[in-house]
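Pasting protein00.pdb here (PDB, C-alpha atoms, pLDDT in the B column):
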```
MODEL        1
ATOM      1  CA  MET A  25     -13.403   0.238  -1.045  1.00 73.00           C
ATOM      2  CA  GLU A  26     -15.448  -0.553  -4.103  1.00 75.00           C
ATOM      3  CA  ALA A  27     -17.212  -3.925  -3.960  1.00 75.00           C
ATOM      4  CA  ALA A  28     -16.716  -6.556  -6.654  1.00 74.00           C
ATOM      5  CA  THR A  29     -19.550  -7.372  -9.011  1.00 74.00           C
ATOM      6  CA  ASP A  30     -19.901 -10.974  -7.809  1.00 74.00           C
ATOM      7  CA  LYS A  31     -22.602 -11.891  -5.306  1.00 72.00           C
ATOM      8  CA  VAL A  32     -20.488 -14.047  -2.956  1.00 72.00           C
ATOM      9  CA  TYR A  33     -20.457 -11.548  -0.075  1.00 66.00           C
ATOM     10  CA  ILE A  34     -23.553  -9.581  -1.002  1.00 72.00           C
ATOM     11  CA  ASN A  35     -24.337  -8.760   2.667  1.00 76.00           C
ATOM     12  CA  ASN A  36     -21.016  -6.956   3.077  1.00 75.00           C
ATOM     13  CA  GLY A  37     -21.936  -4.214   0.593  1.00 78.00           C
ATOM     14  CA  ILE A  38     -23.628  -0.828   0.775  1.00 80.00           C
ATOM     15  CA  GLU A  39     -25.472   0.515  -2.251  1.00 78.00           C
ATOM     16  CA  SER A  40     -25.336   4.242  -2.982  1.00 75.00           C
ATOM     17  CA  GLU A  41     -25.711   6.579  -5.945  1.00 73.00           C
ATOM     18  CA  GLU A  42     -21.955   6.319  -6.533  1.00 72.00           C
ATOM     19  CA  GLY A  43     -21.903   2.507  -6.603  1.00 75.00           C
ATOM     20  CA  ARG A  44     -21.553  -0.473  -4.304  1.00 78.00           C
ATOM     21  CA  PHE A  45     -19.002  -0.317  -1.497  1.00 81.00           C
ATOM     22  CA  LEU A  46     -17.729  -2.672   1.192  1.00 82.00           C
ATOM     23  CA  LYS A  47     -18.838  -2.277   4.809  1.00 80.00           C
ATOM     24  CA  SER A  48     -15.553  -3.798   5.925  1.00 81.00           C
ATOM     25  CA  ALA A  49     -12.364  -5.296   4.564  1.00 80.00           C
ATOM     26  CA  MET A  50      -9.311  -6.905   6.087  1.00 83.00           C
ATOM     27  CA  ILE A  51      -5.763  -7.766   5.288  1.00 87.00           C
ATOM     28  CA  PHE A  52      -4.422 -11.000   6.672  1.00 88.00           C
ATOM     29  CA  GLY A  53      -1.576 -13.401   6.110  1.00 87.00           C
ATOM     30  CA  ALA A  54       1.404 -15.048   7.704  1.00 89.00           C
ATOM     31  CA  ASN A  55       4.168 -13.063   9.342  1.00 89.00           C
ATOM     32  CA  ALA A  56       6.655 -11.286   7.055  1.00 82.00           C
ATOM     33  CA  LEU A  57       4.419 -11.259   3.962  1.00 83.00           C
ATOM     34  CA  GLY A  58       4.238  -7.478   3.552  1.00 84.00           C
ATOM     35  CA  LYS A  59       1.113  -6.360   5.444  1.00 90.00           C
ATOM     36  CA  LEU A  60       3.032  -3.618   7.237  1.00 90.00           C
ATOM     37  CA  ASN A  61       4.733  -2.603   3.973  1.00 87.00           C
ATOM     38  CA  LEU A  62       1.312  -1.896   2.470  1.00 88.00           C
ATOM     39  CA  PHE A  63       0.465   0.501   5.298  1.00 90.00           C
ATOM     40  CA  ASN A  64       3.934   2.065   5.117  1.00 90.00           C
ATOM     41  CA  ALA A  65       3.461   2.680   1.371  1.00 90.00           C
ATOM     42  CA  ILE A  66       0.058   4.326   1.907  1.00 92.00           C
ATOM     43  CA  THR A  67       1.477   6.473   4.719  1.00 92.00           C
ATOM     44  CA  THR A  68       4.489   7.482   2.615  1.00 91.00           C
ATOM     45  CA  ALA A  69       2.248   8.491  -0.304  1.00 93.00           C
ATOM     46  CA  LEU A  70      -0.114  10.529   1.895  1.00 93.00           C
ATOM     47  CA  ILE A  71       2.703  12.338   3.722  1.00 92.00           C
ATOM     48  CA  THR A  72       4.432  13.070   0.401  1.00 91.00           C
ATOM     49  CA  ILE A  73       1.209  14.577  -0.976  1.00 91.00           C
ATOM     50  CA  ARG A  74       0.517  16.638   2.169  1.00 91.00           C
ATOM     51  CA  ASN A  75       4.048  18.018   2.351  1.00 89.00           C
ATOM     52  CA  SER A  76       4.327  18.799  -1.371  1.00 88.00           C
ATOM     53  CA  VAL A  77       3.086  22.346  -0.832  1.00 88.00           C
ATOM     54  CA  TYR A  78       6.168  23.069   1.323  1.00 89.00           C
ATOM     55  CA  ARG A  79       8.723  21.437  -0.987  1.00 85.00           C
ATOM     56  CA  GLN A  80      11.352  23.647  -2.590  1.00 86.00           C
ATOM     57  CA  PRO A  81      13.725  22.728  -5.444  1.00 83.00           C
ATOM     58  CA  GLY A  82      16.555  20.541  -4.156  1.00 83.00           C
ATOM     59  CA  MET A  83      14.538  19.237  -1.195  1.00 86.00           C
ATOM     60  CA  MET A  84      13.636  15.572  -0.764  1.00 86.00           C
ATOM     61  CA  VAL A  85      10.242  14.613  -2.182  1.00 86.00           C
ATOM     62  CA  GLY A  86       9.567  12.224   0.674  1.00 82.00           C
ATOM     63  CA  ASN A  87      10.791   9.167   2.491  1.00 85.00           C
ATOM     64  CA  ILE A  88      10.401   6.995  -0.598  1.00 87.00           C
ATOM     65  CA  ILE A  89      12.320   3.744  -0.286  1.00 82.00           C
ATOM     66  CA  PRO A  90      12.419   1.565  -3.418  1.00 81.00           C
ATOM     67  CA  TYR A  91      12.284  -2.226  -3.310  1.00 79.00           C
ATOM     68  CA  ILE A  92      16.018  -2.883  -3.079  1.00 78.00           C
ATOM     69  CA  PHE A  93      16.002  -6.680  -3.395  1.00 83.00           C
ATOM     70  CA  ASP A  94      15.227  -6.593  -7.124  1.00 83.00           C
ATOM     71  CA  VAL A  95      18.148  -5.441  -9.277  1.00 86.00           C
ATOM     72  CA  GLU A  96      15.805  -4.014 -11.941  1.00 85.00           C
ATOM     73  CA  THR A  97      13.573  -1.951  -9.632  1.00 83.00           C
ATOM     74  CA  LYS A  98      15.940  -0.642  -6.953  1.00 82.00           C
ATOM     75  CA  ASN A  99      16.943   2.346  -9.108  1.00 84.00           C
ATOM     76  CA  LYS A 100      13.487   3.027 -10.587  1.00 89.00           C
ATOM     77  CA  PRO A 101      10.885   5.437  -9.188  1.00 91.00           C
ATOM     78  CA  SER A 102       8.162   4.188  -6.866  1.00 91.00           C
ATOM     79  CA  SER A 103       4.587   4.637  -8.086  1.00 93.00           C
ATOM     80  CA  PHE A 104       1.454   5.371  -6.035  1.00 94.00           C
ATOM     81  CA  GLU A 105      -2.157   5.537  -7.195  1.00 95.00           C
ATOM     82  CA  PHE A 106      -5.453   6.430  -5.496  1.00 92.00           C
ATOM     83  CA  VAL A 107      -8.930   5.918  -6.954  1.00 89.00           C
ATOM     84  CA  PHE A 108     -11.822   7.878  -5.425  1.00 85.00           C
ATOM     85  CA  ILE A 109     -15.371   8.908  -6.247  1.00 80.00           C
ATOM     86  CA  TYR A 110     -16.739  12.417  -5.823  1.00 80.00           C
ATOM     87  CA  LYS A 111     -20.214  13.503  -6.948  1.00 80.00           C
ATOM     88  CA  ASP A 112     -20.820  10.552  -9.285  1.00 77.00           C
ATOM     89  CA  LYS A 113     -17.400  10.866 -10.933  1.00 83.00           C
ATOM     90  CA  LYS A 114     -14.485   8.496 -10.525  1.00 86.00           C
ATOM     91  CA  PHE A 115     -11.038  10.074 -10.247  1.00 93.00           C
ATOM     92  CA  VAL A 116      -7.615   8.452 -10.384  1.00 95.00           C
ATOM     93  CA  TYR A 117      -4.670  10.337  -8.901  1.00 95.00           C
ATOM     94  CA  GLY A 118      -1.169   8.971  -9.027  1.00 96.00           C
ATOM     95  CA  PHE A 119       2.485   9.861  -9.083  1.00 95.00           C
ATOM     96  CA  SER A 120       5.902   8.286  -9.538  1.00 94.00           C
ATOM     97  CA  ALA A 121       8.856   9.616  -7.597  1.00 92.00           C
ATOM     98  CA  THR A 122      12.307   8.987  -6.269  1.00 90.00           C
ATOM     99  CA  LYS A 123      13.557  10.461  -3.003  1.00 87.00           C
ATOM    100  CA  MET A 124      14.587  13.641  -4.796  1.00 88.00           C
ATOM    101  CA  ASN A 125      12.319  14.009  -7.867  1.00 88.00           C
ATOM    102  CA  VAL A 126       8.715  13.623  -8.918  1.00 91.00           C
ATOM    103  CA  ILE A 127       8.932  11.809 -12.248  1.00 92.00           C
ATOM    104  CA  ALA A 128       5.246  11.828 -13.220  1.00 95.00           C
ATOM    105  CA  GLU A 129       1.917  12.952 -11.781  1.00 94.00           C
ATOM    106  CA  TYR A 130      -1.594  12.507 -13.151  1.00 95.00           C
ATOM    107  CA  LEU A 131      -5.254  13.034 -12.307  1.00 93.00           C
TER     108      LEU A 131
ENDMDL
END
```
Kindly transcribe the structure held in the file into structure tokens.
Amino acid sequence: MEAATDKVYINNGIESEEGRFLKSAMIFGANALGKLNLFNAITTALITIRNSVYRQPGMMVGNIIPYIFDVETKNKPSSFEFVFIYKDKKFVYGFSATKMNVIAEYL
């Protein structure tokens, strides 16, 4: 995880040629606030990416479950985005998909 530019937790960072990164991070909060949903979303995105090489037309993209409690978003695609650094370059990979179709993909 990339560290913020502020100096509040300066001892929790590691400097490298690629930038400043956190030594550790945590997610906390009261019960039923979505901590597990965050990990489920990351897992769903990673499994969808890994299995994409085996996908044939007409097959499910992945176990993508939209947020069904909002009338506007329950029928829209879910979007996932990853930011990573490789050899001094920052890359952003993302995609939007429903259970059956990849709507958009970018790098």
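Separating atom CA of A:Lys100 from atom CA of A:Phe52 is a distance of 28.6 Å.
Atom pair atom CA of A:Phe45 / atom CA of A:Ser102: separated by 28.1 Å.
Each of A:Val116, A:Ala65, A:Leu46, A:Gly58 was compared to A:Ile88 using all atoms listed in the file, and A:Ala65 turns out to be the nearest.
The interatomic distance for the pair atom CA of A:Ile127 and atom CA of A:Pro101 works out to 7.3 Å.
For A:Phe108, the residues within 12 Å (counting all atoms listed in the file, excluding itself and residues fewer than 2 positions away along the chain) are Met25, Glu26, Glu42, Gly43, Phe45, Glu105, Phe106, Tyr110, Lys111, Asp112, Lys113, Lys114, Phe115, Val116, Tyr117, Gly118 and Leu131 of chain A.
Among the candidate residues A:Met50, A:Met124, A:Leu57, A:Val32, the one lying nearest to A:Gln80 is A:Met124, with distances computed using all atoms listed in the file.
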### Ground truth for the PyMOL selection byres ((chain A and resi 99) around 12), written as an MDAnalysis selection string
chainID A and resid 88:98 100:102 121:123
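Distances to A:Val126 were evaluated for A:Asn36, A:Asn64, A:Ser76, A:Thr29 using all atoms listed in the file, and the minimum falls at A:Ser76.
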### Task
Take the point (3.1, 11.7, -13.3) in the file's coordinates, draw a sphere of radius 6 Å around it, and report as a list in words every protein, DNA or RNA residue with an atom inside or on it, counting all atoms listed in the file.
Phe119, Ser120, Ile127, Ala128, Glu129 and Tyr130 of chain A
### Task
Write out as JSON, numbers by chain the residues lying within 10 Å of A:Ile51, counting only C-alpha atoms and excluding same-chain residues fewer than 4 positions away.
{"A": [59, 60, 62]}
Using only C-alpha atoms, can you list as a PDB file with C-alpha atoms, in the coordinates of the input the residues within 10 Å of (-20.6, -7.9, -0.3)?
```pdb
ATOM      1  CA  GLU A  26     -15.448  -0.553  -4.103  1.00 75.00           C
ATOM      2  CA  ALA A  27     -17.212  -3.925  -3.960  1.00 75.00           C
ATOM      3  CA  ALA A  28     -16.716  -6.556  -6.654  1.00 74.00           C
ATOM      4  CA  THR A  29     -19.550  -7.372  -9.011  1.00 74.00           C
ATOM      5  CA  ASP A  30     -19.901 -10.974  -7.809  1.00 74.00           C
ATOM      6  CA  LYS A  31     -22.602 -11.891  -5.306  1.00 72.00           C
ATOM      7  CA  VAL A  32     -20.488 -14.047  -2.956  1.00 72.00           C
ATOM      8  CA  TYR A  33     -20.457 -11.548  -0.075  1.00 66.00           C
ATOM      9  CA  ILE A  34     -23.553  -9.581  -1.002  1.00 72.00           C
ATOM     10  CA  ASN A  35     -24.337  -8.760   2.667  1.00 76.00           C
ATOM     11  CA  ASN A  36     -21.016  -6.956   3.077  1.00 75.00           C
ATOM     12  CA  GLY A  37     -21.936  -4.214   0.593  1.00 78.00           C
ATOM     13  CA  ILE A  38     -23.628  -0.828   0.775  1.00 80.00           C
ATOM     14  CA  GLU A  39     -25.472   0.515  -2.251  1.00 78.00           C
ATOM     15  CA  ARG A  44     -21.553  -0.473  -4.304  1.00 78.00           C
ATOM     16  CA  PHE A  45     -19.002  -0.317  -1.497  1.00 81.00           C
ATOM     17  CA  LEU A  46     -17.729  -2.672   1.192  1.00 82.00           C
ATOM     18  CA  LYS A  47     -18.838  -2.277   4.809  1.00 80.00           C
ATOM     19  CA  SER A  48     -15.553  -3.798   5.925  1.00 81.00           C
ATOM     20  CA  ALA A  49     -12.364  -5.296   4.564  1.00 80.00           C
TER      21      ALA A  49
END
```
